[in-house]
Structure formats: C-alpha cells, structure tokens
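Novice: Sending over a structure as structure tokens; questions will come in a sec.
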Amino acid sequence: MLKDEILVKAEGVSKKFCKDLKTSLWYGIKDLFSNVSGNKEERLLREKEFWAVKDISFELRRGECLGLIGHNGAGKSTLLKILNGLIKPDTGKVTIKGKVGALIELGAGFNPILTGRENIYNNGAILGFTRKEIDEKVEEIIDFAEIRAFIDMPVQHYSSGMKVRLGFAIAAQMEPDVLIIDEVLAVGDIGFVLKCFKTIDRILPKTAVVYVSHSMPQVSRLCDIIILMEQGRAIFQSNEVANGIDLYYSRFAENELQIAKTDDRIELEKIEILEAKNYNHNIAQLEWDSSLRLFLRFKIVSEIFSPILIIYIYDKEQRPVALLKPNCNKDSKTLQSGEILEFQVSHHNLQLSKGLYTLSLGISEEETKAPILRINGVLTFQVIYKNQFWPPFLLKTEYEEKVLQEKIN
Ligand SMILES: Nc1ncnc2c1ncn2[C@@H]1O[C@H](COP(=O)(O)OP(=O)(O)OP(=O)(O)O)[C@@H](O)[C@H]1O
C-alpha cells in the first residue's frame, strides 16, 4: 500500500440534466439513435438542459480528504454519484483504484425488504469482500451501528438515523480504499456523528475520503483539499481550506437585520462600526487585535427605566461566540418619550480569528432584566488577518523557548 498513491482521479468531468421530464425523455431517445450513428454532441447544451457538473478535475491521494462544498443544487451529490459510478458523466473520465465505500443517499444501497444483517452481506459483496471476510466483520459492524436489537428487522422499518448508522458502519468498517460520504451524516445524533469522525480519523491514513457537507466546522476539521462548487463548476479549488470556507460564507453575507422582540418602547435609529480599516461589499473590515468600536443611537418611544445594552457576537455558523460585557454598573435613571439614547462601545484587542461575524443586540430594563428589544443580525463585520485560521479565537500569546543540553552523569 503506497502512502501517496492517487486513488481518485477526475478529468474534465461534466454532467448535464434536463429541467423538463418530457424533453429529457425525447432527448434520451434521440441520443440513443445518435449514439448508434456516432454523432453525439455531448459538449453542447440543448434547450432546457443545464450543467449539473461542469469540467471538474482533481486528484486525491491515500490519506487525503477532499471537501465538496456549495449551495443547495450546486452539483455536489451529482459529482459524488459520478465518482461512485451511479451516474455516467457526459464528458470526462473518473479513475478509481481499490474498494469504494459510499454513503450517498439516505437508504440508497439498501434493499428495503431485506434485514439489516442481510444488507450487510449484500453491500459487503458489492464492495468485493468474500462471505468469509464479511463473516469476520459483521459483528463489528453491528456493534458500531449500535442497532443489534433491530438487525434482523427489514431495513424499510428503520428510522433515518438507523439507516445512516448501518450505512456508515458498513462503508467504514469494511475499511475501503476510497470513502465517499454525502451530507447524510447530519441525520445521525451527535453521539454517532462524533463516533463517525473518530472512525474517519482512524481510517484516513489508509483511505482517500470525499466528503460533502454544509457544516464548515466539520469540513475544516476533516478536509485538506476543498472544492467550492457553484452551478456545477469549481469556483475555488485549493488546499487552503479556510480560504475556500471564507469564500463560501461571503456568498451568504448580508446585513439583514431581524427584529426578534420589541414592546415598542425603544427603536434603533442607527448602528455603525467606527474606524473600520476598509469596507468590502458594505461589510466593515477590522484588523485582528485592533479595536471594535460601535456607535448606536436609539429613540425612546415611551418611558424606560435605566436601559441595559447587551451585544452578542455570532460566528458564521450562527453560534454565539462572545458577549460584550453589558453596561450594568451605572447610575439608574428613567428615560422619557422623545429622548435620544446614544452609546459608544469599545472593545480593545479583538482576538476573534479571521472571518465573518454578526452582531445581535438586546435592550433590557435594569430593574426587571426582561428584554424589551432584541434585534438579530444587526451588523456584519469581517476580521482580517494575514494567515488562515479556522477556530473562532486567535489568542495573543507569549512564548519563552529554551533548548537545554541533556545532563550526562
Ligand atoms: N436526475 C436528475 N434529473 C434532473 N436534474 C437533476 C437530477 N439530479 C440532480 N438534478 C439537478 O442537478 C442540480 C445539482 O443537484 P445536486 O443534487 O448535485 O446538488 P447538491 O449540490 O448536492 O445540492 P444539496 O446541497 O441540496 O444536496 C440541481 O439543480 C438538481 O435539481
């Protein structure tokens, strides 16, 4: 087994589909005849056709994991099906070496009327294992899937999570040379997903993995090459995974605020970032370790007792990553209708790592602490830094390094 062996090679792979079933059937019949007469125009699009996958080329070695990312309908699953041999490409060529384990569509690859155990044997045989080899693996697979109580029940009665458990257990425990995984892992519960990642980590040195996901933390954790697909094409292809993820997020970035809660006593009039280094499509850019300075103006509509401003920072996955310490310790006062309330908020040494973040804000009254206004996605900003980092924080650190000679007694 060679470490750097190329196990998957795609060369100019394209696949077109037709938007309309009737036309598609008609083209199918025409293609059948033109195939016979030998003048198939596979590189051209006819009316109502589109490229689901267009000119994709890559090489994947043993030990490498390729992440395919992109919006819904970008062509990721179609490419996986081409790699797995389920769909024939219109142009281009795929070369795969070794056994391929695939987890593509939920329940695909299972015979629904056969039991889980029978499906293990079926799938193992398709992967090229002998009955004896499957006999040796079957208990491991059942244990891994944690569905022993249901293993002799027809797969058609399995829940979605149970199908994924069995599918992944077969695909991974058989230790394939190439492992192809579509978004289906998202159906498993968190315990199982963590177990899957452990398994992928274990088999990765011996396997080439192609992984489709909408979860960028998972992609960044697993993948060393990334292809960002848009309308079938690779618009970004590189081993700089974090750059690809940034580009993916920037396609969704927008400053669209949503008022999640209000009792109409206070209105936000203005929010802006002060001293931004630059703007990219209206999104303020801040240098890592610089200051985040905000200006906010509210209009008081009716009486409020000592409002407290709360600002949350969310990351690209909409997880709250930080809270700016609220302005609680101040003199209490009642604000009257028609008054304007302004804040300048400063946070120094911003140590969020490179990427996009959004702010959500809330106002509550000091006395009750109950929120009276909550606005999500009120502002997006980008932290810029020269190097690529994925984790949400790049913490400032000092190092003292010493090299000592070993003492010889
Ligand atoms: N058999 C088919 N016939 C016609 N169109 C198809 C067929 N399969 C897929 N498509 C179309 O091809 C395009 C790419 O679909 P695909 O499932 O590959 O996207 P995807 O990137 O995997 O999307 P998602 O993230 O939603 O899973 C879509 O427009 C889809 O409607």
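Within each chain, counting starts at residue 1; across the structure tokens, chains are named A, B, ... in the order shown, with ligands numbered 1 upward in that order.
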Neighbours of ligand 1 at 12 Å or closer, counting only C-alpha atoms and all ligand atoms: which residues, as a PDB file with N, CA and C atoms, in the first residue's frame?

Specialist:
ATOM      1  N   SER A  14     -18.095  16.240 -16.601  1.00  0.00           N
ATOM      2  CA  SER A  14     -19.294  17.080 -16.738  1.00  0.00           C
ATOM      3  C   SER A  14     -20.529  16.194 -16.833  1.00  0.00           C
ATOM      4  N   LYS A  15     -21.640  16.724 -16.326  1.00  0.00           N
ATOM      5  CA  LYS A  15     -22.910  16.003 -16.446  1.00  0.00           C
ATOM      6  C   LYS A  15     -24.023  17.022 -16.636  1.00  0.00           C
ATOM      7  N   LYS A  16     -24.832  16.824 -17.648  1.00  0.00           N
ATOM      8  CA  LYS A  16     -25.955  17.750 -17.842  1.00  0.00           C
ATOM      9  C   LYS A  16     -27.268  17.045 -17.543  1.00  0.00           C
ATOM     10  N   PHE A  17     -28.233  17.840 -17.088  1.00  0.00           N
ATOM     11  CA  PHE A  17     -29.582  17.322 -16.863  1.00  0.00           C
ATOM     12  C   PHE A  17     -30.549  18.207 -17.618  1.00  0.00           C
ATOM     13  N   CYS A  18     -31.770  17.714 -17.724  1.00  0.00           N
ATOM     14  CA  CYS A  18     -32.811  18.490 -18.397  1.00  0.00           C
ATOM     15  C   CYS A  18     -33.835  18.915 -17.352  1.00  0.00           C
ATOM     16  N   LYS A  19     -34.334  20.160 -17.488  1.00  0.00           N
ATOM     17  CA  LYS A  19     -35.258  20.667 -16.466  1.00  0.00           C
ATOM     18  C   LYS A  19     -36.659  20.087 -16.633  1.00  0.00           C
ATOM     19  N   ASP A  20     -36.902  19.456 -17.780  1.00  0.00           N
ATOM     20  CA  ASP A  20     -38.267  19.031 -18.068  1.00  0.00           C
ATOM     21  C   ASP A  20     -38.265  17.550 -18.431  1.00  0.00           C
ATOM     22  N   LEU A  21     -39.135  16.767 -17.797  1.00  0.00           N
ATOM     23  CA  LEU A  21     -39.095  15.305 -17.949  1.00  0.00           C
ATOM     24  C   LEU A  21     -39.386  14.858 -19.373  1.00  0.00           C
ATOM     25  N   LYS A  22     -40.433  15.484 -19.983  1.00  0.00           N
ATOM     26  CA  LYS A  22     -40.830  15.070 -21.341  1.00  0.00           C
ATOM     27  C   LYS A  22     -39.674  15.294 -22.313  1.00  0.00           C
ATOM     28  N   THR A  23     -39.099  16.522 -22.250  1.00  0.00           N
ATOM     29  CA  THR A  23     -37.985  16.849 -23.147  1.00  0.00           C
ATOM     30  C   THR A  23     -36.813  15.918 -22.885  1.00  0.00           C
ATOM     31  N   SER A  24     -36.598  15.601 -21.590  1.00  0.00           N
ATOM     32  CA  SER A  24     -35.493  14.728 -21.227  1.00  0.00           C
ATOM     33  C   SER A  24     -35.667  13.345 -21.864  1.00  0.00           C
ATOM     34  N   LEU A  25     -36.916  12.828 -21.836  1.00  0.00           N
ATOM     35  CA  LEU A  25     -37.177  11.510 -22.441  1.00  0.00           C
ATOM     36  C   LEU A  25     -36.951  11.563 -23.955  1.00  0.00           C
ATOM     37  N   LYS A  48     -33.543  23.713 -22.536  1.00  0.00           N
ATOM     38  CA  LYS A  48     -33.969  23.221 -21.213  1.00  0.00           C
ATOM     39  C   LYS A  48     -32.915  22.354 -20.507  1.00  0.00           C
ATOM     40  N   GLU A  49     -31.726  22.223 -21.080  1.00  0.00           N
ATOM     41  CA  GLU A  49     -30.673  21.460 -20.392  1.00  0.00           C
ATOM     42  C   GLU A  49     -29.774  22.421 -19.607  1.00  0.00           C
ATOM     43  N   PHE A  50     -29.121  21.904 -18.585  1.00  0.00           N
ATOM     44  CA  PHE A  50     -28.146  22.701 -17.816  1.00  0.00           C
ATOM     45  C   PHE A  50     -27.053  21.772 -17.312  1.00  0.00           C
ATOM     46  N   TRP A  51     -25.912  22.381 -16.983  1.00  0.00           N
ATOM     47  CA  TRP A  51     -24.805  21.578 -16.460  1.00  0.00           C
ATOM     48  C   TRP A  51     -24.969  21.440 -14.952  1.00  0.00           C
ATOM     49  N   ALA A  52     -25.169  20.220 -14.482  1.00  0.00           N
ATOM     50  CA  ALA A  52     -25.225  19.978 -13.026  1.00  0.00           C
ATOM     51  C   ALA A  52     -23.802  19.880 -12.501  1.00  0.00           C
ATOM     52  N   VAL A  53     -22.883  19.370 -13.334  1.00  0.00           N
ATOM     53  CA  VAL A  53     -21.449  19.309 -13.014  1.00  0.00           C
ATOM     54  C   VAL A  53     -20.702  19.710 -14.275  1.00  0.00           C
ATOM     55  N   LYS A  54     -19.737  20.617 -14.150  1.00  0.00           N
ATOM     56  CA  LYS A  54     -19.060  21.104 -15.359  1.00  0.00           C
ATOM     57  C   LYS A  54     -17.551  21.151 -15.171  1.00  0.00           C
ATOM     58  N   LEU A  68     -16.234  18.777  -0.504  1.00  0.00           N
ATOM     59  CA  LEU A  68     -17.012  19.426  -1.565  1.00  0.00           C
ATOM     60  C   LEU A  68     -18.052  20.290  -0.887  1.00  0.00           C
ATOM     61  N   ILE A  69     -17.983  21.596  -1.140  1.00  0.00           N
ATOM     62  CA  ILE A  69     -18.960  22.489  -0.505  1.00  0.00           C
ATOM     63  C   ILE A  69     -19.654  23.318  -1.571  1.00  0.00           C
ATOM     64  N   GLY A  70     -20.767  23.927  -1.216  1.00  0.00           N
ATOM     65  CA  GLY A  70     -21.503  24.759  -2.170  1.00  0.00           C
ATOM     66  C   GLY A  70     -22.966  24.817  -1.774  1.00  0.00           C
ATOM     67  N   HIS A  71     -23.688  25.767  -2.352  1.00  0.00           N
ATOM     68  CA  HIS A  71     -25.106  25.954  -2.036  1.00  0.00           C
ATOM     69  C   HIS A  71     -25.914  24.736  -2.465  1.00  0.00           C
ATOM     70  N   ASN A  72     -27.174  24.687  -2.035  1.00  0.00           N
ATOM     71  CA  ASN A  72     -28.071  23.619  -2.492  1.00  0.00           C
ATOM     72  C   ASN A  72     -28.150  23.654  -4.007  1.00  0.00           C
ATOM     73  N   GLY A  73     -28.053  22.490  -4.600  1.00  0.00           N
ATOM     74  CA  GLY A  73     -28.186  22.392  -6.059  1.00  0.00           C
ATOM     75  C   GLY A  73     -26.914  22.740  -6.815  1.00  0.00           C
ATOM     76  N   ALA A  74     -25.789  22.875  -6.098  1.00  0.00           N
ATOM     77  CA  ALA A  74     -24.531  23.263  -6.766  1.00  0.00           C
ATOM     78  C   ALA A  74     -23.930  22.123  -7.594  1.00  0.00           C
ATOM     79  N   GLY A  75     -24.346  20.883  -7.293  1.00  0.00           N
ATOM     80  CA  GLY A  75     -23.854  19.754  -8.090  1.00  0.00           C
ATOM     81  C   GLY A  75     -23.015  18.759  -7.304  1.00  0.00           C
ATOM     82  N   LYS A  76     -22.957  18.922  -5.974  1.00  0.00           N
ATOM     83  CA  LYS A  76     -22.083  18.084  -5.144  1.00  0.00           C
ATOM     84  C   LYS A  76     -22.496  16.609  -5.184  1.00  0.00           C
ATOM     85  N   SER A  77     -23.799  16.359  -4.941  1.00  0.00           N
ATOM     86  CA  SER A  77     -24.254  14.957  -4.897  1.00  0.00           C
ATOM     87  C   SER A  77     -24.128  14.312  -6.265  1.00  0.00           C
ATOM     88  N   THR A  78     -24.375  15.092  -7.316  1.00  0.00           N
ATOM     89  CA  THR A  78     -24.252  14.538  -8.666  1.00  0.00           C
ATOM     90  C   THR A  78     -22.809  14.111  -8.901  1.00  0.00           C
ATOM     91  N   LEU A  79     -21.856  14.942  -8.455  1.00  0.00           N
ATOM     92  CA  LEU A  79     -20.442  14.591  -8.623  1.00  0.00           C
ATOM     93  C   LEU A  79     -20.114  13.316  -7.837  1.00  0.00           C
ATOM     94  N   LEU A  80     -20.664  13.214  -6.608  1.00  0.00           N
ATOM     95  CA  LEU A  80     -20.407  12.002  -5.811  1.00  0.00           C
ATOM     96  C   LEU A  80     -20.941  10.767  -6.522  1.00  0.00           C
ATOM     97  N   LYS A  81     -22.142  10.927  -7.108  1.00  0.00           N
ATOM     98  CA  LYS A  81     -22.742   9.769  -7.798  1.00  0.00           C
ATOM     99  C   LYS A  81     -21.910   9.388  -9.015  1.00  0.00           C
ATOM    100  N   ILE A  82     -21.309  10.370  -9.663  1.00  0.00           N
ATOM    101  CA  ILE A  82     -20.430  10.059 -10.802  1.00  0.00           C
ATOM    102  C   ILE A  82     -19.195   9.312 -10.292  1.00  0.00           C
ATOM    103  N   LEU A  86     -22.585   5.635 -10.030  1.00  0.00           N
ATOM    104  CA  LEU A  86     -24.048   5.532 -10.124  1.00  0.00           C
ATOM    105  C   LEU A  86     -24.570   6.290 -11.337  1.00  0.00           C
ATOM    106  N   ILE A  87     -23.839   7.336 -11.762  1.00  0.00           N
ATOM    107  CA  ILE A  87     -24.212   8.134 -12.937  1.00  0.00           C
ATOM    108  C   ILE A  87     -23.009   8.165 -13.864  1.00  0.00           C
ATOM    109  N   LYS A  88     -23.293   8.085 -15.152  1.00  0.00           N
ATOM    110  CA  LYS A  88     -22.204   8.140 -16.130  1.00  0.00           C
ATOM    111  C   LYS A  88     -22.014   9.603 -16.539  1.00  0.00           C
ATOM    112  N   ILE A 104     -24.228   7.724   0.230  1.00  0.00           N
ATOM    113  CA  ILE A 104     -24.654   8.869  -0.574  1.00  0.00           C
ATOM    114  C   ILE A 104     -26.078   9.304  -0.240  1.00  0.00           C
ATOM    115  N   GLU A 105     -27.065   8.543  -0.645  1.00  0.00           N
ATOM    116  CA  GLU A 105     -28.429   8.968  -0.319  1.00  0.00           C
ATOM    117  C   GLU A 105     -28.941   8.124   0.817  1.00  0.00           C
ATOM    118  N   LEU A 106     -29.768   8.723   1.641  1.00  0.00           N
ATOM    119  CA  LEU A 106     -30.305   8.002   2.776  1.00  0.00           C
ATOM    120  C   LEU A 106     -31.015   6.732   2.305  1.00  0.00           C
ATOM    121  N   ILE A 181     -18.710  10.212   1.289  1.00  0.00           N
ATOM    122  CA  ILE A 181     -19.786  10.483   2.254  1.00  0.00           C
ATOM    123  C   ILE A 181     -20.525  11.760   1.888  1.00  0.00           C
ATOM    124  N   ASP A 182     -21.832  11.639   1.742  1.00  0.00           N
ATOM    125  CA  ASP A 182     -22.654  12.820   1.473  1.00  0.00           C
ATOM    126  C   ASP A 182     -23.186  13.357   2.805  1.00  0.00           C
ATOM    127  N   GLU A 183     -23.930  14.422   2.716  1.00  0.00           N
ATOM    128  CA  GLU A 183     -24.467  15.133   3.884  1.00  0.00           C
ATOM    129  C   GLU A 183     -25.221  14.233   4.874  1.00  0.00           C
ATOM    130  N   VAL A 184     -25.539  12.989   4.477  1.00  0.00           N
ATOM    131  CA  VAL A 184     -26.378  12.117   5.302  1.00  0.00           C
ATOM    132  C   VAL A 184     -25.962  12.023   6.767  1.00  0.00           C
ATOM    133  N   ALA A 186     -25.531  14.177   8.753  1.00  0.00           N
ATOM    134  CA  ALA A 186     -26.267  15.181   9.517  1.00  0.00           C
ATOM    135  C   ALA A 186     -27.496  14.564  10.196  1.00  0.00           C
ATOM    136  N   TYR A 211     -15.805  14.119   0.930  1.00  0.00           N
ATOM    137  CA  TYR A 211     -16.790  14.450   1.964  1.00  0.00           C
ATOM    138  C   TYR A 211     -17.597  15.676   1.550  1.00  0.00           C
ATOM    139  N   VAL A 212     -18.916  15.508   1.464  1.00  0.00           N
ATOM    140  CA  VAL A 212     -19.795  16.639   1.139  1.00  0.00           C
ATOM    141  C   VAL A 212     -20.469  17.096   2.419  1.00  0.00           C
ATOM    142  N   SER A 213     -20.439  18.387   2.682  1.00  0.00           N
ATOM    143  CA  SER A 213     -21.100  18.854   3.892  1.00  0.00           C
ATOM    144  C   SER A 213     -21.444  20.335   3.780  1.00  0.00           C
ATOM    145  N   HIS A 214     -22.486  20.711   4.535  1.00  0.00           N
ATOM    146  CA  HIS A 214     -22.798  22.135   4.682  1.00  0.00           C
ATOM    147  C   HIS A 214     -22.263  22.638   6.027  1.00  0.00           C
ATOM    148  N   SER A 215     -21.646  21.743   6.795  1.00  0.00           N
ATOM    149  CA  SER A 215     -21.134  22.155   8.102  1.00  0.00           C
ATOM    150  C   SER A 215     -19.652  22.507   7.974  1.00  0.00           C
ATOM    151  N   ILE A 227     -13.142  21.954  -2.647  1.00  0.00           N
ATOM    152  CA  ILE A 227     -13.682  22.459  -3.919  1.00  0.00           C
ATOM    153  C   ILE A 227     -15.006  23.146  -3.593  1.00  0.00           C
ATOM    154  N   LEU A 228     -15.084  24.436  -3.932  1.00  0.00           N
ATOM    155  CA  LEU A 228     -16.344  25.163  -3.753  1.00  0.00           C
ATOM    156  C   LEU A 228     -17.057  25.152  -5.099  1.00  0.00           C
ATOM    157  N   MET A 229     -18.237  24.532  -5.129  1.00  0.00           N
ATOM    158  CA  MET A 229     -18.967  24.411  -6.400  1.00  0.00           C
ATOM    159  C   MET A 229     -20.082  25.438  -6.478  1.00  0.00           C
ATOM    160  N   GLU A 230     -20.269  25.969  -7.672  1.00  0.00           N
ATOM    161  CA  GLU A 230     -21.394  26.872  -7.930  1.00  0.00           C
ATOM    162  C   GLU A 230     -21.888  26.564  -9.332  1.00  0.00           C
ATOM    163  N   GLN A 231     -23.149  26.245  -9.457  1.00  0.00           N
ATOM    164  CA  GLN A 231     -23.754  25.866 -10.741  1.00  0.00           C
ATOM    165  C   GLN A 231     -22.888  24.844 -11.493  1.00  0.00           C
ATOM    166  N   GLY A 232     -22.466  23.851 -10.757  1.00  0.00           N
ATOM    167  CA  GLY A 232     -21.740  22.731 -11.368  1.00  0.00           C
ATOM    168  C   GLY A 232     -20.245  22.947 -11.520  1.00  0.00           C
ATOM    169  N   ARG A 233     -19.778  24.203 -11.427  1.00  0.00           N
ATOM    170  CA  ARG A 233     -18.353  24.478 -11.665  1.00  0.00           C
ATOM    171  C   ARG A 233     -17.597  24.609 -10.351  1.00  0.00           C
ATOM    172  N   ALA A 234     -16.277  24.358 -10.428  1.00  0.00           N
ATOM    173  CA  ALA A 234     -15.436  24.584  -9.260  1.00  0.00           C
ATOM    174  C   ALA A 234     -15.007  26.049  -9.301  1.00  0.00           C
TER     175      ALA A 234
END

Novice: Can you list, as a VMD selection string, all residues belonging to range 141-332 of chain A that DSSP tags as strand (DSSP E or B)?

Specialist: chain A and resid 154 178 to 181 208 to 212 225 to 230 233 to 238 258 to 262 266 to 274 278 to 280 283 to 287 292 to 300 304 to 305 307 to 314 320 to 324

Novice: Return the single residue from A:Leu394, A:Val403, A:Leu373, A:Ile225 that is closest to Leu268 in chain A, with distances computed using only C-alpha atoms.

Specialist: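 Closest to Leu268 in chain A of all the choices is A:Leu373.
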
Novice: Taking only C-alpha atoms into account, which of A:Ile120, A:Leu32, A:Ile310, A:Leu66 comes nearest Thr207 in chain A?

Specialist: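 Closest to Thr207 in chain A, using only C-alpha atoms: A:Leu66.
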
Novice: Please provide the set of residues having any atom within 9 Å of Asn119 in chain A, restricted to only C-alpha atoms, with same-chain residues fewer than 6 positions apart removed, written as JSON, numbers by chain.

Specialist: {"A": [109, 110, 111, 112, 155]}

Novice: Which residue out of A:Asp90, A:Glu64, A:Ile113, A:Trp26 has the minimum interatomic distance to Cys223 in chain A when only C-alpha atoms are used?

Specialist: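 Answer, going by the shortest atom-to-atom distance: A:Glu64.
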
Novice: Record the distance separating CA of Ser353 in chain A and CA of Pro392 in chain A, expressed in Å with one decimal.

Specialist: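 Separating CA of Ser353 in chain A from CA of Pro392 in chain A is a distance of 5.3 Å.
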
Novice: For CA of Asp4 in chain A and CA of Leu247 in chain A, quote the distance in Å rounded to one decimal.

Specialist: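 These two atoms are separated by 28.8 Å.
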
Novice: Smallest atom-to-atom distance to Gln344 in chain A: which of A:Leu309, A:Val13, A:Leu45, A:Ile180, using only C-alpha atoms?

Specialist: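 Comparing A:Leu309, A:Val13, A:Leu45, A:Ile180 against Gln344 in chain A, the winner is A:Leu309.
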
Novice: Determine, counting only C-alpha atoms, which protein, DNA and RNA residues have an atom within 9 Å of an atom of range 150-153 of chain A; residues of the same chain fewer than 4 positions away are not included. Present the result as a compact mmCIF listing (two decimals) with C-alpha atoms, in the first residue's frame.

Specialist:
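File produced: part-v6.txt:
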# COMPACT_ATOMS: atom_id res chain seq x y z
CA ILE A 113 -37.22 -5.77 2.25
CA LEU A 114 -34.03 -7.45 3.45
CA THR A 115 -32.96 -7.27 7.09
CA GLY A 116 -30.07 -5.16 8.30
CA ARG A 117 -27.89 -8.28 8.59
CA GLU A 118 -28.74 -9.41 5.02
CA ILE A 142 -23.49 -4.36 14.17
CA HIS A 157 -38.83 -0.12 9.00
CA TYR A 158 -35.61 1.56 10.17

Novice: One number please: CA of Phe197 in chain A to CA of Lys137 in chain A, in Å, one decimal.

Specialist: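 Separation between CA of Phe197 in chain A and CA of Lys137 in chain A: 19.7 Å.
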
Novice: Got a sec to tell me which of range 197-233 of chain A DSSP assigns to alpha helix (DSSP H), as JSON, numbers by chain?

Specialist: {"A": [197, 198, 199, 200, 201, 202, 203, 216, 217, 218, 219, 220, 221, 222]}

Novice: Report as an MDAnalysis selection string all protein, DNA and RNA residues lying within 7 Å of Ala171 in chain A, evaluated on only C-alpha atoms, omitting residues in the same chain fewer than 6 positions from it.

Specialist: chainID A and resid 101:103

Novice: Determine, counting only C-alpha atoms, which protein, DNA and RNA residues have an atom within 6 Å of an atom of range 363-366 of chain A; residues of the same chain fewer than 6 positions away are not included. Present the result as a list in words.

Specialist: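 In the requested form, the answer reads Phe305, Ser306, Pro307, Ile308, Leu309, Ile372 and Leu373 of chain A.
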
Novice: Skip range 128-131 of chain A itself and residues of its chain fewer than 2 positions away, then list as a CSV table (one decimal) with C-alpha atoms, in the first residue's frame all residues within 12 Å of it, counting only C-alpha atoms.

Specialist:
chain,number,residue,atom,x,y,z
A,98,GLY,CA,-9.4,0.0,-4.8
A,99,LYS,CA,-12.6,-0.6,-3.0
A,100,VAL,CA,-15.1,2.2,-2.7
A,101,GLY,CA,-17.3,2.6,0.4
A,118,GLU,CA,-28.7,-9.4,5.0
A,120,ILE,CA,-24.5,-6.1,5.4
A,121,TYR,CA,-23.8,-9.2,3.4
A,122,ASN,CA,-25.2,-7.7,0.2
A,123,ASN,CA,-23.2,-4.5,0.5
A,124,GLY,CA,-20.0,-6.3,1.5
A,125,ALA,CA,-20.3,-8.5,-1.6
A,126,ILE,CA,-20.8,-5.4,-3.8
A,133,GLU,CA,-14.4,-11.8,5.1
A,134,ILE,CA,-17.9,-10.4,5.8
A,135,ASP,CA,-18.4,-13.1,8.5
A,136,GLU,CA,-15.4,-11.7,10.3
A,137,LYS,CA,-16.6,-8.1,10.1
A,138,VAL,CA,-20.4,-8.5,10.6
A,170,ILE,CA,-20.8,-0.9,6.5
A,174,MET,CA,-15.1,-2.6,5.7
A,175,GLU,CA,-12.0,-0.3,5.5
A,176,PRO,CA,-12.4,0.8,1.9
A,177,ASP,CA,-9.6,2.5,-0.1

Novice: Taking into account only C-alpha atoms, which residue in the set A:Thr262, A:Ser160, A:Asn84, A:Gln382 is nearest to Ala276 in chain A?

Specialist: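 Using only C-alpha atoms, Ala276 in chain A sits closest to A:Gln382.
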